[in-house]
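Here the structure is laid out as structure tokens; the discussion comes afterwards.
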Amino acid sequence: MANFTKKAIKESFVKLLNEKPLAKISVKDIVEDCGINRNSFYYHFQDIPALLEEIITEQAEELI
């Protein structure tokens with residue numbers, strides 16, 4: 001379940017990035033988009049920059 005939730009958070013964040021600028025995306029936007037509560041977000045990520053860092057790291061590793 002944890003991997004599913006973490007993946008859903010990442011997918012929602014990327015979807016929102018395609019719709020609006022990074023500075024306009026809030027944790028509330030992300031959790032509403034993927035249908036989880038704020039506690040679940042904070043269980044997996046400290047904040048939005050930590051989420052962004054993990055996504056960038058994963059994509060960089062895929063390229064290498």
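Each chain of the structure tokens is named A, B, ... in the order shown, its residues numbered from 1; ligands are numbered from 1 in display order.
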
Env of A:Tyr42: 12 Å cut, atoms = only C-alpha atoms, seq-sep filter 3 positions within chain, self excluded. Answer as a PDB file with N, CA and C atoms, in the first residue's frame.
ATOM      1  N   THR A   5       0.680   4.466  -2.613  1.00  0.00           N
ATOM      2  CA  THR A   5       0.405   5.838  -2.181  1.00  0.00           C
ATOM      3  C   THR A   5       1.520   6.775  -2.634  1.00  0.00           C
ATOM      4  N   LYS A   6       2.754   6.356  -2.447  1.00  0.00           N
ATOM      5  CA  LYS A   6       3.891   7.179  -2.844  1.00  0.00           C
ATOM      6  C   LYS A   6       3.877   7.421  -4.350  1.00  0.00           C
ATOM      7  N   ILE A   9       1.156   9.940  -5.221  1.00  0.00           N
ATOM      8  CA  ILE A   9       1.580  11.308  -4.890  1.00  0.00           C
ATOM      9  C   ILE A   9       2.465  11.854  -6.002  1.00  0.00           C
ATOM     10  N   VAL A  27       0.568  21.325  -1.117  1.00  0.00           N
ATOM     11  CA  VAL A  27       0.316  19.960  -0.639  1.00  0.00           C
ATOM     12  C   VAL A  27      -1.183  19.669  -0.755  1.00  0.00           C
ATOM     13  N   LYS A  28      -1.999  20.666  -0.455  1.00  0.00           N
ATOM     14  CA  LYS A  28      -3.454  20.500  -0.563  1.00  0.00           C
ATOM     15  C   LYS A  28      -3.848  20.101  -1.984  1.00  0.00           C
ATOM     16  N   ILE A  30      -2.054  18.534  -4.206  1.00  0.00           N
ATOM     17  CA  ILE A  30      -1.579  17.167  -4.472  1.00  0.00           C
ATOM     18  C   ILE A  30      -2.491  16.141  -3.820  1.00  0.00           C
ATOM     19  N   VAL A  31      -2.800  16.332  -2.528  1.00  0.00           N
ATOM     20  CA  VAL A  31      -3.611  15.327  -1.827  1.00  0.00           C
ATOM     21  C   VAL A  31      -5.041  15.290  -2.361  1.00  0.00           C
ATOM     22  N   ILE A  36      -5.872  11.368  -1.149  1.00  0.00           N
ATOM     23  CA  ILE A  36      -5.327  10.913   0.140  1.00  0.00           C
ATOM     24  C   ILE A  36      -5.417  12.070   1.134  1.00  0.00           C
ATOM     25  N   ASN A  37      -5.058  11.810   2.387  1.00  0.00           N
ATOM     26  CA  ASN A  37      -5.058  12.913   3.352  1.00  0.00           C
ATOM     27  C   ASN A  37      -3.643  13.465   3.525  1.00  0.00           C
ATOM     28  N   ARG A  38      -3.562  14.627   4.133  1.00  0.00           N
ATOM     29  CA  ARG A  38      -2.275  15.319   4.306  1.00  0.00           C
ATOM     30  C   ARG A  38      -1.282  14.473   5.101  1.00  0.00           C
ATOM     31  N   ASN A  39      -1.778  13.749   6.099  1.00  0.00           N
ATOM     32  CA  ASN A  39      -0.879  12.921   6.913  1.00  0.00           C
ATOM     33  C   ASN A  39      -0.163  11.882   6.057  1.00  0.00           C
ATOM     34  N   PHE A  45       6.792  12.125   2.475  1.00  0.00           N
ATOM     35  CA  PHE A  45       7.678  13.226   2.084  1.00  0.00           C
ATOM     36  C   PHE A  45       7.634  14.332   3.129  1.00  0.00           C
ATOM     37  N   GLN A  46       8.778  14.945   3.386  1.00  0.00           N
ATOM     38  CA  GLN A  46       8.865  16.038   4.355  1.00  0.00           C
ATOM     39  C   GLN A  46       8.134  17.274   3.842  1.00  0.00           C
ATOM     40  N   ASP A  47       8.289  17.537   2.534  1.00  0.00           N
ATOM     41  CA  ASP A  47       7.659  18.703   1.918  1.00  0.00           C
ATOM     42  C   ASP A  47       7.729  18.550   0.399  1.00  0.00           C
ATOM     43  N   ILE A  48       7.249  19.550  -0.316  1.00  0.00           N
ATOM     44  CA  ILE A  48       7.249  19.479  -1.782  1.00  0.00           C
ATOM     45  C   ILE A  48       8.673  19.426  -2.355  1.00  0.00           C
ATOM     46  N   ALA A  50      11.237  17.984  -1.122  1.00  0.00           N
ATOM     47  CA  ALA A  50      11.708  16.601  -0.937  1.00  0.00           C
ATOM     48  C   ALA A  50      11.070  15.677  -1.973  1.00  0.00           C
ATOM     49  N   LEU A  51       9.807  15.907  -2.265  1.00  0.00           N
ATOM     50  CA  LEU A  51       9.115  15.148  -3.311  1.00  0.00           C
ATOM     51  C   LEU A  51       9.775  15.394  -4.666  1.00  0.00           C
TER      52      LEU A  51
END

### Task
With a distance cut-off of 12 Å and only C-alpha atoms, select the neighbouring residues of A:Val14, excluding the residue or stretch itself and same-chain residues fewer than 4 positions from it, and output the selection as a ChimeraX atom specification.
/A:7-10,18-22,25,29-30,33-34,48,51-52,55-56
